[in-house]
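Asks: I'm passing along final_14.cif; it holds mmCIF, C-alpha atoms and all ligand atoms.
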data_target
#
loop_
_atom_site.label_atom_id
_atom_site.label_comp_id
_atom_site.auth_asym_id
_atom_site.auth_seq_id
_atom_site.Cartn_x
_atom_site.Cartn_y
_atom_site.Cartn_z
CA MET A 1 41.67 -161.77 -87.16
CA HIS A 2 42.88 -164.23 -84.54
CA PRO A 3 39.88 -166.11 -83.11
CA SER A 4 40.72 -165.31 -79.49
CA LEU A 5 40.92 -161.64 -80.35
CA LEU A 6 37.53 -161.82 -81.97
CA LEU A 7 36.14 -163.53 -78.90
CA LEU A 8 37.64 -160.85 -76.71
CA LEU A 9 36.05 -158.15 -78.83
CA LEU A 10 32.71 -159.88 -78.70
CA LEU A 11 32.99 -160.28 -74.96
CA CYS A 12 33.89 -156.65 -74.54
CA SER A 13 30.93 -155.48 -76.53
CA LEU A 14 28.68 -157.83 -74.62
CA VAL A 15 29.96 -156.61 -71.27
CA CYS A 16 29.59 -153.06 -72.45
CA PHE A 17 26.06 -153.77 -73.60
CA LEU A 18 25.05 -155.51 -70.39
CA ALA A 19 26.81 -153.31 -67.91
CA LEU A 20 26.16 -149.91 -69.36
CA GLY A 21 23.18 -150.40 -71.61
CA THR A 22 22.34 -147.24 -73.46
CA LEU A 23 25.35 -145.45 -71.99
CA CYS A 24 27.61 -147.15 -74.55
CA ALA A 25 25.88 -145.23 -77.26
CA VAL A 26 26.07 -141.86 -75.59
CA SER A 27 29.65 -142.11 -74.32
CA ASP A 28 31.03 -142.00 -77.89
CA ALA A 29 31.50 -138.25 -78.15
CA ARG A 30 32.89 -136.13 -75.38
CA ALA A 31 30.47 -133.66 -73.80
CA PHE A 32 31.15 -129.99 -74.42
CA PHE A 33 30.42 -126.97 -72.22
CA ILE A 34 30.69 -123.35 -73.22
CA PHE A 35 30.86 -120.27 -71.01
CA GLY A 36 31.33 -116.65 -71.92
CA ASP A 37 30.10 -113.81 -74.11
CA SER A 38 28.76 -113.13 -77.61
CA LEU A 39 31.76 -114.76 -79.29
CA VAL A 40 30.43 -118.11 -78.10
CA ASP A 41 26.73 -117.53 -77.25
CA ASN A 42 24.59 -119.71 -79.53
CA GLY A 43 21.16 -118.44 -78.60
CA ASN A 44 20.68 -117.99 -74.85
CA ASN A 45 19.92 -114.29 -75.25
CA ASN A 46 16.96 -115.14 -77.51
CA TYR A 47 15.22 -116.25 -74.32
CA LEU A 48 15.95 -113.03 -72.44
CA ALA A 49 14.56 -109.50 -72.47
CA THR A 50 17.78 -107.85 -73.55
CA THR A 51 19.00 -105.61 -76.37
CA ALA A 52 22.08 -107.85 -76.83
CA ARG A 53 20.52 -110.21 -79.35
CA ALA A 54 21.25 -111.74 -82.74
CA ASP A 55 17.81 -112.87 -83.81
CA ALA A 56 17.45 -110.74 -86.94
CA PRO A 57 19.23 -110.69 -90.33
CA PRO A 58 22.02 -110.33 -91.37
CA TYR A 59 22.95 -112.70 -88.50
CA GLY A 60 22.76 -116.26 -89.78
CA ILE A 61 22.85 -115.49 -93.52
CA ASP A 62 25.49 -118.20 -94.06
CA TYR A 63 24.11 -120.60 -91.45
CA PRO A 64 22.81 -123.87 -92.96
CA THR A 65 19.21 -122.63 -92.54
CA HIS A 66 20.15 -119.08 -93.67
CA ARG A 67 18.23 -117.80 -90.67
CA PRO A 68 19.33 -115.98 -87.52
CA THR A 69 19.75 -118.37 -84.59
CA GLY A 70 20.99 -116.12 -81.83
CA ARG A 71 24.61 -116.72 -82.81
CA PHE A 72 26.52 -113.46 -83.21
CA SER A 73 27.85 -114.67 -86.53
CA ASN A 74 26.94 -114.83 -90.20
CA GLY A 75 27.20 -118.61 -89.94
CA LEU A 76 28.64 -121.18 -87.57
CA ASN A 77 30.55 -119.97 -84.55
CA ILE A 78 33.61 -121.43 -82.86
CA PRO A 79 31.66 -123.77 -80.54
CA ASP A 80 29.86 -125.21 -83.60
CA ILE A 81 33.16 -125.95 -85.31
CA ILE A 82 34.55 -127.52 -82.15
CA SER A 83 31.41 -129.70 -81.89
CA GLU A 84 31.99 -130.84 -85.47
CA TYR A 85 35.48 -131.96 -84.48
CA LEU A 86 34.14 -133.77 -81.45
CA GLY A 87 31.86 -135.65 -83.81
CA ALA A 88 28.86 -134.27 -81.95
CA GLU A 89 25.88 -132.12 -82.79
CA SER A 90 26.10 -128.49 -81.68
CA THR A 91 25.29 -127.97 -78.02
CA LEU A 92 21.95 -126.38 -77.22
CA PRO A 93 21.69 -123.07 -75.39
CA TYR A 94 21.11 -123.84 -71.72
CA LEU A 95 17.86 -121.87 -71.76
CA SER A 96 16.46 -123.85 -74.70
CA PRO A 97 13.38 -125.90 -73.75
CA GLU A 98 14.74 -128.64 -76.05
CA LEU A 99 17.62 -129.29 -73.67
CA GLN A 100 16.10 -132.37 -72.03
CA GLY A 101 16.85 -136.07 -71.57
CA GLU A 102 19.57 -137.48 -73.83
CA LYS A 103 20.28 -134.04 -75.33
CA LEU A 104 21.76 -133.09 -71.97
CA LEU A 105 24.57 -135.59 -72.54
CA VAL A 106 25.89 -133.63 -75.54
CA GLY A 107 26.72 -130.80 -73.14
CA ALA A 108 25.33 -127.27 -72.97
CA ASN A 109 26.09 -123.72 -73.93
CA PHE A 110 25.78 -121.27 -71.02
CA ALA A 111 27.23 -118.22 -72.80
CA SER A 112 25.38 -114.92 -72.96
CA ALA A 113 26.22 -111.97 -75.18
CA GLY A 114 27.23 -108.79 -73.41
CA ILE A 115 28.70 -110.28 -70.24
CA GLY A 116 32.22 -109.94 -68.93
CA ILE A 117 34.43 -110.92 -66.05
CA LEU A 118 32.92 -108.13 -63.94
CA ASN A 119 29.30 -107.92 -62.91
CA ASP A 120 29.06 -104.29 -64.01
CA THR A 121 30.14 -105.14 -67.58
CA GLY A 122 27.24 -104.96 -70.03
CA ILE A 123 24.80 -103.39 -67.55
CA GLN A 124 23.32 -101.46 -70.49
CA PHE A 125 22.01 -104.79 -71.85
CA VAL A 126 20.03 -105.24 -68.60
CA ASN A 127 19.00 -108.88 -68.62
CA ILE A 128 21.97 -111.10 -69.48
CA ILE A 129 23.42 -114.20 -67.83
CA ARG A 130 26.46 -113.00 -65.92
CA ILE A 131 29.29 -115.45 -65.41
CA SER A 132 28.41 -116.28 -61.78
CA ARG A 133 24.91 -117.21 -62.98
CA GLN A 134 26.36 -119.30 -65.84
CA LEU A 135 28.30 -121.28 -63.24
CA LEU A 136 25.16 -121.72 -61.10
CA TYR A 137 23.41 -123.07 -64.19
CA PHE A 138 26.32 -125.47 -64.66
CA GLU A 139 25.67 -126.80 -61.15
CA GLU A 140 21.99 -127.11 -61.92
CA TYR A 141 22.86 -128.92 -65.17
CA GLN A 142 24.95 -131.43 -63.21
CA GLU A 143 22.04 -132.15 -60.89
CA ARG A 144 19.84 -132.81 -63.89
CA VAL A 145 22.40 -135.18 -65.42
CA SER A 146 22.85 -136.93 -62.05
CA ALA A 147 19.12 -137.60 -61.98
CA LEU A 148 19.49 -139.16 -65.41
CA LEU A 149 22.71 -141.20 -65.07
CA GLY A 150 23.52 -141.28 -61.38
CA GLU A 151 26.07 -139.14 -59.63
CA ASP A 152 29.19 -141.10 -60.61
CA GLN A 153 28.45 -141.15 -64.33
CA ALA A 154 27.48 -137.48 -64.24
CA LYS A 155 30.76 -136.60 -62.59
CA LYS A 156 32.65 -138.64 -65.16
CA LEU A 157 30.84 -136.93 -68.01
CA VAL A 158 31.81 -133.53 -66.63
CA ASN A 159 35.42 -134.49 -65.86
CA GLN A 160 35.97 -135.84 -69.37
CA ALA A 161 34.20 -133.01 -71.14
CA LEU A 162 35.82 -130.28 -73.14
CA VAL A 163 35.17 -126.78 -71.79
CA LEU A 164 35.55 -123.48 -73.61
CA ILE A 165 35.52 -120.13 -71.82
CA THR A 166 35.68 -116.79 -73.62
CA LEU A 167 35.63 -113.68 -71.43
CA GLY A 168 37.30 -110.30 -71.15
CA GLY A 169 36.67 -108.38 -74.38
CA ASN A 170 33.48 -106.84 -73.03
CA ASP A 171 35.23 -105.67 -69.87
CA PHE A 172 36.99 -103.24 -72.20
CA VAL A 173 34.54 -102.43 -75.00
CA ASN A 174 31.37 -102.60 -72.92
CA ASN A 175 32.74 -101.21 -69.70
CA TYR A 176 36.09 -99.41 -69.37
CA TYR A 177 35.95 -97.88 -72.87
CA LEU A 178 32.18 -97.83 -73.30
CA VAL A 179 31.91 -94.09 -72.73
CA PRO A 180 34.56 -91.42 -72.15
CA TYR A 181 35.26 -91.08 -68.41
CA SER A 182 33.49 -94.33 -67.56
CA VAL A 183 33.27 -95.20 -63.86
CA ARG A 184 35.93 -97.91 -64.20
CA SER A 185 38.31 -95.71 -66.18
CA ARG A 186 38.09 -93.03 -63.50
CA GLU A 187 38.70 -95.67 -60.85
CA PHE A 188 41.65 -97.44 -62.53
CA ALA A 189 44.55 -96.68 -64.86
CA LEU A 190 44.49 -99.26 -67.66
CA PRO A 191 47.31 -101.52 -66.30
CA ASP A 192 45.62 -101.59 -62.86
CA TYR A 193 42.26 -102.37 -64.41
CA VAL A 194 43.77 -105.28 -66.34
CA GLN A 195 45.31 -106.60 -63.13
CA PHE A 196 41.97 -106.27 -61.36
CA ILE A 197 39.96 -108.16 -63.97
CA ILE A 198 42.64 -110.84 -64.32
CA PHE A 199 42.48 -111.40 -60.56
CA GLU A 200 38.70 -111.81 -60.84
CA TYR A 201 39.12 -114.13 -63.85
CA LYS A 202 41.37 -116.40 -61.81
CA LYS A 203 38.56 -116.84 -59.27
CA ILE A 204 36.15 -117.75 -62.07
CA LEU A 205 38.53 -120.37 -63.50
CA THR A 206 39.10 -121.81 -60.03
CA ARG A 207 35.34 -122.13 -59.58
CA LEU A 208 35.12 -123.90 -62.95
CA TYR A 209 37.75 -126.38 -61.78
CA ASP A 210 35.91 -126.88 -58.48
CA LEU A 211 32.77 -127.67 -60.47
CA GLY A 212 34.59 -130.53 -62.23
CA ALA A 213 36.04 -129.01 -65.42
CA ARG A 214 39.31 -130.76 -66.30
CA ARG A 215 40.01 -129.81 -69.94
CA VAL A 216 39.48 -126.12 -70.41
CA ILE A 217 40.35 -123.89 -73.35
CA VAL A 218 40.62 -120.27 -72.24
CA THR A 219 40.68 -117.84 -75.15
CA GLY A 220 42.71 -114.67 -74.96
CA THR A 221 41.17 -111.55 -76.44
CA GLY A 222 41.64 -110.72 -80.11
CA PRO A 223 42.76 -107.32 -81.43
CA LEU A 224 39.90 -105.35 -79.84
CA GLY A 225 40.84 -102.11 -81.58
CA CYS A 226 40.19 -103.70 -85.00
CA VAL A 227 36.59 -104.70 -84.23
CA PRO A 228 34.43 -103.01 -86.90
CA ALA A 229 32.22 -101.25 -84.32
CA GLU A 230 35.33 -99.81 -82.64
CA LEU A 231 36.87 -98.80 -85.98
CA ALA A 232 33.65 -96.97 -86.81
CA VAL A 233 33.72 -94.98 -83.57
CA ARG A 234 37.43 -94.51 -82.92
CA SER A 235 39.39 -94.67 -86.14
CA ARG A 236 39.70 -91.85 -88.68
CA ASP A 237 42.01 -93.61 -91.14
CA GLY A 238 40.98 -97.26 -90.75
CA SER A 239 43.88 -98.20 -88.51
CA CYS A 240 43.02 -100.17 -85.37
CA ALA A 241 42.23 -98.14 -82.22
CA ALA A 242 45.47 -97.87 -80.24
CA GLU A 243 44.08 -97.86 -76.67
CA LEU A 244 42.10 -101.03 -77.22
CA MET A 245 45.09 -102.72 -78.85
CA LYS A 246 47.09 -101.83 -75.76
CA ALA A 247 44.38 -103.31 -73.54
CA ALA A 248 44.57 -106.64 -75.38
CA ASP A 249 48.38 -106.55 -75.26
CA LEU A 250 48.27 -106.14 -71.48
CA PHE A 251 45.50 -108.67 -70.91
CA ASN A 252 46.75 -111.66 -72.91
CA PRO A 253 50.19 -112.23 -71.30
CA GLN A 254 48.67 -111.89 -67.82
CA LEU A 255 46.04 -114.43 -68.72
CA VAL A 256 48.83 -116.84 -69.64
CA HIS A 257 50.42 -116.19 -66.24
CA ILE A 258 47.33 -116.96 -64.18
CA VAL A 259 46.67 -120.06 -66.25
CA ARG A 260 50.20 -121.29 -65.63
CA ASP A 261 49.79 -120.54 -61.92
CA LEU A 262 46.56 -122.45 -61.76
CA ASN A 263 47.97 -125.43 -63.66
CA SER A 264 50.95 -125.63 -61.36
CA GLN A 265 48.75 -125.32 -58.25
CA ILE A 266 46.58 -128.14 -59.56
CA GLY A 267 49.59 -130.13 -60.76
CA SER A 268 48.12 -130.75 -64.21
CA ASP A 269 47.56 -128.86 -67.46
CA VAL A 270 43.82 -128.41 -66.96
CA PHE A 271 43.76 -124.98 -68.61
CA THR A 272 45.11 -124.07 -72.03
CA VAL A 273 45.23 -120.55 -73.43
CA ALA A 274 44.27 -120.13 -77.07
CA ASN A 275 46.08 -117.20 -78.66
CA ALA A 276 43.22 -115.48 -80.45
CA GLN A 277 45.37 -112.43 -81.13
CA ARG A 278 48.03 -114.30 -83.07
CA MET A 279 45.50 -116.42 -84.97
CA HIS A 280 43.75 -113.26 -86.04
CA PHE A 281 46.90 -111.57 -87.30
CA ASP A 282 48.20 -114.72 -88.95
CA TYR A 283 44.93 -114.92 -90.76
CA ILE A 284 45.04 -111.30 -91.92
CA SER A 285 48.68 -111.35 -92.98
CA ASN A 286 48.61 -114.70 -94.76
CA PRO A 287 45.03 -115.66 -95.59
CA GLN A 288 46.02 -118.33 -98.14
CA ALA A 289 48.01 -120.28 -95.62
CA TYR A 290 45.47 -119.78 -92.87
CA GLY A 291 42.27 -120.04 -94.90
CA ASN A 292 41.58 -123.01 -92.72
CA CYS A 293 43.40 -121.82 -89.63
CA ILE A 294 40.63 -122.55 -87.20
CA LYS A 295 40.33 -126.10 -88.45
CA LEU A 296 44.07 -126.66 -88.27
CA LEU A 297 44.13 -125.35 -84.74
CA LEU A 298 41.25 -127.54 -83.71
CA GLN A 299 42.88 -130.57 -85.26
CA GLN A 300 45.80 -129.97 -82.92
CA ILE A 301 43.47 -129.91 -79.94
CA PHE A 302 41.64 -133.03 -80.93
CA ILE A 303 44.71 -135.04 -81.76
CA ALA A 304 45.63 -134.32 -78.18
CA LEU A 305 42.20 -135.16 -76.83
CA ASN A 306 41.92 -138.40 -78.72
CA ASP A 307 45.23 -139.56 -77.35
CA GLY A 308 43.73 -138.93 -73.95
CA GLU A 309 46.36 -136.35 -73.18
CA PRO A 310 45.60 -132.88 -71.87
CA PRO A 311 45.22 -130.40 -74.73
CA GLY A 312 48.20 -128.46 -73.43
CA ARG A 313 50.66 -131.03 -74.75
CA HIS A 314 50.13 -130.73 -78.49
CA TYR A 315 48.63 -127.34 -78.25
CA ARG A 316 51.71 -125.57 -76.98
CA PHE A 317 52.42 -124.16 -80.43
CA HIS A 318 49.45 -121.85 -79.95
CA ILE A 319 50.11 -120.69 -76.41
CA VAL A 320 51.15 -117.04 -75.99
CA PRO A 321 54.73 -116.80 -74.79
CA ALA A 322 54.74 -115.29 -71.31
CA ASP A 323 57.46 -112.74 -72.05
C1 LIG B 401 29.28 -110.72 -58.94
O1 LIG B 401 28.04 -111.12 -58.44
C2 LIG B 401 28.02 -112.40 -57.84
C3 LIG B 401 26.58 -112.76 -57.51
O2 LIG B 401 25.93 -111.72 -56.87
C4 LIG B 401 28.95 -112.40 -56.64
O3 LIG B 401 28.98 -113.68 -56.05
C5 LIG B 401 30.34 -112.02 -57.10
O4 LIG B 401 31.23 -111.94 -56.00
C6 LIG B 401 30.32 -110.69 -57.84
N1 LIG B 401 31.64 -110.43 -58.41
C7 LIG B 401 32.33 -109.31 -58.18
C8 LIG B 401 33.66 -109.20 -58.85
O5 LIG B 401 31.93 -108.41 -57.48
#
In structure tokens, how does this file's structure come out?

Replies:
Amino acid sequence: MHPSLLLLLLLCSLVCFLALGTLCAVSDARAFFIFGDSLVDNGNNNYLATTARADAPPYGIDYPTHRPTGRFSNGLNIPDIISEYLGAESTLPYLSPELQGEKLLVGANFASAGIGILNDTGIQFVNIIRISRQLLYFEEYQERVSALLGEDQAKKLVNQALVLITLGGNDFVNNYYLVPYSVRSREFALPDYVQFIIFEYKKILTRLYDLGARRVIVTGTGPLGCVPAELAVRSRDGSCAAELMKAADLFNPQLVHIVRDLNSQIGSDVFTVANAQRMHFDYISNPQAYGNCIKLLLQQIFIALNDGEPPGRHYRFHIVPAD
């Protein structure tokens, strides 16, 4: 190595050490924030008096501890795998008493099983953290980090963080289609209902942006009619429930539209839609090729992140075509 380069490196580390102190150590991995429902909840509902919980077997049987954790999964969930790719430990549930001090800098998971875009989604679960409350907690979180790092550093941490939001599935399965002749299904024809919830979702994403989120993955809904619980109730021959498939088919392209609108209003690709529907079908139709599909997909995102470019750039391959 050229001596002057070495000196420069030494100087840089020294400046870093002197100017930022312990911050150098914690700024290595990007912070990560998660909002949404059971697909991404990693234990908040354990702290709530609700029936929407995953604190008993078989949840967690493939988790490293082989114990239920509150994740609605046999093992790791998507946020865990994303954390792995960020080179960070999994985020803690926001309600966890362990979420203190330096742990706050890893990020936080605000998700709560059972919730949806609408406040009346999941009312049967009684005590869950609806999305407006999740966003209030995000504000509270930022105040706590400001107290720790100062306002500027806290803002920077939030602006540079990766954000994942997963909403919408429950507005169908735990609202519109929960019971025959549900209130919402009497109020709206399906296409009008989709338009209504998409309009509400846009407000939620705008709020997220206003709160400082700048790199946001928005997941579309998967094939809702193929969910085992729905197959059990609605399918005689094992084929996926048609009405719920139609709901997802209406929802996903409109989600892409509002995300494009928002990005063009902002003038930057802040939001990226992840095509959960296509990933799911790719996986079913060609499991060998996609045995590692989630990891491949995440690699795409993180190549983009590490280059300091918005995820949208390299991630386009996975965006749902608008028409
Ligand atoms: C849901 O409730 C919150 C908090 O009460 C409120 O601010 C928000 O406007 C409500 N959303 C809808 C769609 O009614």

Asks: Rounded to one decimal, what separation in Å do you get between CA of Pro93 (chain A) and CA of Arg71 (chain A)?

Replies: 10.2 Å

Asks: Can I get the residues close to ligand LIG 401 (chain B) as JSON, numbers by chain, where close means within 10 Å and we count only C-alpha atoms and all ligand atoms?

Replies: {"A": [117, 118, 119, 120, 130, 131, 132, 133, 136, 196, 197, 199, 200, 201, 203, 204]}

Asks: I'd like to know which of A:Phe281, A:Phe110, A:Tyr85, A:Tyr47 is closest to Ile34 (chain A), using all atoms listed in the file.

Replies: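 Smallest separation from Ile34 (chain A) among the options: A:Phe110.
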
Asks: Mind listing as a ChimeraX atom specification all residues within 12 Å of (25.1, -137.7, -83.5), counting all atoms listed in the file?

Replies: /A:25-31,83-91,102-103,105-106

Asks: Compare A:Pro191, A:Pro64, A:Gly36, A:Pro58 by their minimum atom-to-atom distance to Ile217 (chain A), counting all atoms listed in the file, and give me the closest one.

Replies: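 Ranked by minimum distance to Ile217 (chain A), first place goes to A:Gly36.
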
Asks: Under the rule of at most 12 Å, produce a per-residue listing of region 266-285 of chain A near region 206-214 of chain A: chain, number, name, the closest pair of atoms, and the distance in Å, as JSON lines, using only C-alpha atoms.

Replies:
{"residue": "A:Ile266", "atom": "CA", "partner": "A:Tyr209", "partner_atom": "CA", "distance": 9.3}
{"residue": "A:Gly267", "atom": "CA", "partner": "A:Arg214", "partner_atom": "CA", "distance": 11.7}
{"residue": "A:Ser268", "atom": "CA", "partner": "A:Arg214", "partner_atom": "CA", "distance": 9.1}
{"residue": "A:Asp269", "atom": "CA", "partner": "A:Arg214", "partner_atom": "CA", "distance": 8.5}
{"residue": "A:Val270", "atom": "CA", "partner": "A:Arg214", "partner_atom": "CA", "distance": 5.1}
{"residue": "A:Phe271", "atom": "CA", "partner": "A:Arg214", "partner_atom": "CA", "distance": 7.7}
{"residue": "A:Thr272", "atom": "CA", "partner": "A:Arg214", "partner_atom": "CA", "distance": 10.5}

Asks: So how many Å separate CA of Ser112 (chain A) and CA of Leu92 (chain A), to one decimal?

Replies: 12.7 Å

Asks: Between CA of Gly169 (chain A) and CA of Ile61 (chain A), what is the distance, to one decimal in Å?

Replies: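 Distance between the two atoms: 24.7 Å.
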
Asks: Tell me which of A:Leu178, A:Ala108, A:Met279, A:Ile165 sits closest to Asp37 (chain A), counting only C-alpha atoms.

Replies: A:Ile165

Asks: Which of these, A:Val218, A:Leu255, A:Ile82, A:Leu224, has the shortest distance to Val194 (chain A) once you count only C-alpha atoms?

Replies: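 Closest to Val194 (chain A), using only C-alpha atoms: A:Leu255.
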
Asks: So that I can see what lies close to region 245-252 of chain A, please list as an MDAnalysis selection string the residues with an atom at most 12 Å from it, counting all atoms listed in the file and leaving out residues fewer than 2 positions away in the same chain.

Replies: chainID A and resid 167:173 176:177 189:199 201 218:227 230:231 234 239:243 254:259 273:278 319:323

Asks: Using C-alpha atoms, can you write the selected residues to a file as a CSV table (one decimal), in the coordinates of the input?

Replies:
chain,number,residue,atom,x,y,z
A,167,LEU,CA,35.6,-113.7,-71.4
A,168,GLY,CA,37.3,-110.3,-71.2
A,169,GLY,CA,36.7,-108.4,-74.4
A,170,ASN,CA,33.5,-106.8,-73.0
A,171,ASP,CA,35.2,-105.7,-69.9
A,172,PHE,CA,37.0,-103.2,-72.2
A,173,VAL,CA,34.5,-102.4,-75.0
A,176,TYR,CA,36.1,-99.4,-69.4
A,177,TYR,CA,36.0,-97.9,-72.9
A,189,ALA,CA,44.6,-96.7,-64.9
A,190,LEU,CA,44.5,-99.3,-67.7
A,191,PRO,CA,47.3,-101.5,-66.3
A,192,ASP,CA,45.6,-101.6,-62.9
A,193,TYR,CA,42.3,-102.4,-64.4
A,194,VAL,CA,43.8,-105.3,-66.3
A,195,GLN,CA,45.3,-106.6,-63.1
A,196,PHE,CA,42.0,-106.3,-61.4
A,197,ILE,CA,40.0,-108.2,-64.0
A,198,ILE,CA,42.6,-110.8,-64.3
A,199,PHE,CA,42.5,-111.4,-60.6
A,201,TYR,CA,39.1,-114.1,-63.8
A,218,VAL,CA,40.6,-120.3,-72.2
A,219,THR,CA,40.7,-117.8,-75.2
A,220,GLY,CA,42.7,-114.7,-75.0
A,221,THR,CA,41.2,-111.6,-76.4
A,222,GLY,CA,41.6,-110.7,-80.1
A,223,PRO,CA,42.8,-107.3,-81.4
A,224,LEU,CA,39.9,-105.4,-79.8
A,225,GLY,CA,40.8,-102.1,-81.6
A,226,CYS,CA,40.2,-103.7,-85.0
A,227,VAL,CA,36.6,-104.7,-84.2
A,230,GLU,CA,35.3,-99.8,-82.6
A,231,LEU,CA,36.9,-98.8,-86.0
A,234,ARG,CA,37.4,-94.5,-82.9
A,239,SER,CA,43.9,-98.2,-88.5
A,240,CYS,CA,43.0,-100.2,-85.4
A,241,ALA,CA,42.2,-98.1,-82.2
A,242,ALA,CA,45.5,-97.9,-80.2
A,243,GLU,CA,44.1,-97.9,-76.7
A,254,GLN,CA,48.7,-111.9,-67.8
A,255,LEU,CA,46.0,-114.4,-68.7
A,256,VAL,CA,48.8,-116.8,-69.6
A,257,HIS,CA,50.4,-116.2,-66.2
A,258,ILE,CA,47.3,-117.0,-64.2
A,259,VAL,CA,46.7,-120.1,-66.2
A,273,VAL,CA,45.2,-120.6,-73.4
A,274,ALA,CA,44.3,-120.1,-77.1
A,275,ASN,CA,46.1,-117.2,-78.7
A,276,ALA,CA,43.2,-115.5,-80.4
A,277,GLN,CA,45.4,-112.4,-81.1
A,278,ARG,CA,48.0,-114.3,-83.1
A,319,ILE,CA,50.1,-120.7,-76.4
A,320,VAL,CA,51.2,-117.0,-76.0
A,321,PRO,CA,54.7,-116.8,-74.8
A,322,ALA,CA,54.7,-115.3,-71.3
A,323,ASP,CA,57.5,-112.7,-72.0

Asks: As AutoDock Vina command-line options, what would the box around region 228-236 of chain A look like: edges along x, y and z, 3 Å added on every side, centre and edge lengths in Å to one decimal?

Replies:
--center_x 36.0 --center_y -97.4 --center_z -85.7 --size_x 13.5 --size_y 17.2 --size_z 12.0

Asks: Could you check the closest approach to Arg215 (chain A) for each of A:Gly238, A:Leu76, A:Val40, A:Phe33 and tell me which residue wins, using only C-alpha atoms?

Replies: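 Selected residue with least distance to Arg215 (chain A): A:Phe33.
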
Asks: With distances taken over all atoms listed in the file, which of A:Leu99, A:Asn174, A:Pro79, A:Phe32 is nearest to Ile123 (chain A)?

Replies: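 So, comparing all the options, the nearest one is A:Asn174.
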
Asks: So which residues fall inside 10 Å of (30.9, -141.0, -67.9) if we count all atoms listed in the file? Mind giving them as a list in words?

Replies: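 Taken together, the residues in range are Leu23, Cys24, Val26, Ser27, Arg30, Ala31, Leu105, Leu149, Gly150, Glu151, Asp152, Gln153, Ala154, Lys155, Lys156, Leu157, Val158, Asn159, Gln160 and Ala161 of chain A.
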
Asks: For region 187-191 of chain A, which lacks atoms in the input, supply all heavy atoms and format the output as an mmCIF file, keeping the file's coordinate frame.

Replies:
data_model
loop_
_atom_site.group_PDB
_atom_site.id
_atom_site.type_symbol
_atom_site.label_atom_id
_atom_site.label_comp_id
_atom_site.auth_asym_id
_atom_site.auth_seq_id
_atom_site.Cartn_x
_atom_site.Cartn_y
_atom_site.Cartn_z
ATOM 1 N N GLU A 187 38.243 -94.934 -62.034
ATOM 2 C CA GLU A 187 38.700 -95.670 -60.850
ATOM 3 C C GLU A 187 40.106 -96.239 -61.035
ATOM 4 O O GLU A 187 40.905 -96.285 -60.090
ATOM 5 C CB GLU A 187 37.698 -96.795 -60.597
ATOM 6 C CG GLU A 187 37.914 -97.570 -59.321
ATOM 7 C CD GLU A 187 36.907 -98.721 -59.173
ATOM 8 O OE1 GLU A 187 36.127 -98.994 -60.123
ATOM 9 O OE2 GLU A 187 36.924 -99.358 -58.112
ATOM 10 N N PHE A 188 40.394 -96.728 -62.281
ATOM 11 C CA PHE A 188 41.650 -97.440 -62.530
ATOM 12 C C PHE A 188 42.404 -96.897 -63.738
ATOM 13 O O PHE A 188 41.772 -96.632 -64.772
ATOM 14 C CB PHE A 188 41.380 -98.911 -62.875
ATOM 15 C CG PHE A 188 40.854 -99.765 -61.762
ATOM 16 C CD1 PHE A 188 39.521 -100.146 -61.741
ATOM 17 C CD2 PHE A 188 41.712 -100.222 -60.761
ATOM 18 C CE1 PHE A 188 39.027 -100.975 -60.735
ATOM 19 C CE2 PHE A 188 41.222 -101.053 -59.749
ATOM 20 C CZ PHE A 188 39.875 -101.424 -59.732
ATOM 21 N N ALA A 189 43.719 -96.802 -63.651
ATOM 22 C CA ALA A 189 44.550 -96.680 -64.860
ATOM 23 C C ALA A 189 44.472 -98.018 -65.574
ATOM 24 O O ALA A 189 44.224 -99.056 -64.935
ATOM 25 C CB ALA A 189 45.989 -96.367 -64.473
ATOM 26 N N LEU A 190 44.675 -98.024 -66.895
ATOM 27 C CA LEU A 190 44.490 -99.260 -67.660
ATOM 28 C C LEU A 190 45.272 -100.465 -67.106
ATOM 29 O O LEU A 190 44.678 -101.536 -66.916
ATOM 30 C CB LEU A 190 44.829 -99.022 -69.145
ATOM 31 C CG LEU A 190 44.654 -100.250 -70.041
ATOM 32 C CD1 LEU A 190 43.210 -100.748 -70.083
ATOM 33 C CD2 LEU A 190 45.148 -99.957 -71.462
ATOM 34 N N PRO A 191 46.579 -100.325 -66.800
ATOM 35 C CA PRO A 191 47.310 -101.520 -66.300
ATOM 36 C C PRO A 191 46.716 -102.053 -65.000
ATOM 37 O O PRO A 191 46.687 -103.267 -64.778
ATOM 38 C CB PRO A 191 48.733 -100.994 -66.077
ATOM 39 C CG PRO A 191 48.839 -99.782 -66.944
ATOM 40 C CD PRO A 191 47.474 -99.171 -66.983
#
